[in-house]
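Worksheet: one structure, shown below.
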Amino acid sequence: NFGDTDVGASKTIDLRIQYTGQKDWKIVDVRGNSEALEVRLDPAIRQSGFVSYNMHVKLKSSTPVGELQDELIVVTNDPRESESQFRLPISARLLPPVTLSPEKILLGDVKIGDSKVQRLVVKAKKPFSISKIDCADQRFEFTIPDGEKLVHVLQFQFHGSLDSSNGPSVHQKILVETNT
């Protein structure tokens with residue numbers, strides 16, 4: 001589990017795989033479908049009664065933002081079919097430099113003529129400023145905060161009015177432009 005990782009960063013996890021049994025047991029292949037991972041095996045260490053491998057699993061810096069759920073299949077020379085391979089689950093969450101929460105804003109019911117105030121939290125790991133907020137729906141009214149901060153709380157209003165292009169429900173994207 002790579003956990004939370006910043007997009008654009010690479011991260012390596014080192015594993016030790018140990019086997020007790022056949023003296024000639026070995027890992028013959030490591031397979032996976034993900035372009036996000038790179039695997040390197042050190043030569044086997046053989047001691048009386050067991051075999052040990054150090055495996056280095058690297059999450060590449062080119063991995064895009066989002067959740068990664070995958071697995072590696074380790075193939076061995078074990079003659080028993082049920083023991084000839086095993087799976088290593090892989091997970092990571094690649095975080096963008098700036099995050100917004102909530103990801104979806106639920107306005108609830110807003111009567112025509114009424115307004116509803118909501119908040120949107122914008123965070124980053126280093127101070128940033130917000131230069132622009134765009135939404136195609138003119139019923140949303142935003143105030144751009146001043147200065148650079150680690151966290152900006154954007155308060156906005158939604159004005160209830162009948163917009164024939166959207167009907168009774170509202171589905172809009174809000175674009176927040178930063179200097180990050």
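By convention in this document, the chains of the structure tokens carry letters A, B, ... by their order, each chain's residues are numbered from 1, and ligands are numbered from 1 in the order they are shown.
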
Inset, instruction - Could you give me, as number ranges by chain, the residues within 6 Å of segment 154-157 of chain A, counting only C-alpha atoms and dropping anything in the same chain fewer than 6 positions from it? - result: A: 116-120, 140-142

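Among the candidates A:Arg93, A:Lys58, A:Lys23, A:Arg87, the one nearest to Glu71 of chain A when counting only C-alpha atoms is A:Arg87.
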
Legend entry - Residue set, segment 12-86 of chain A restricted to strand (DSSP E), as a ChimeraX atom specification: /A:12-20,27-32,37-41,45-47,50-59,66-76,85-86
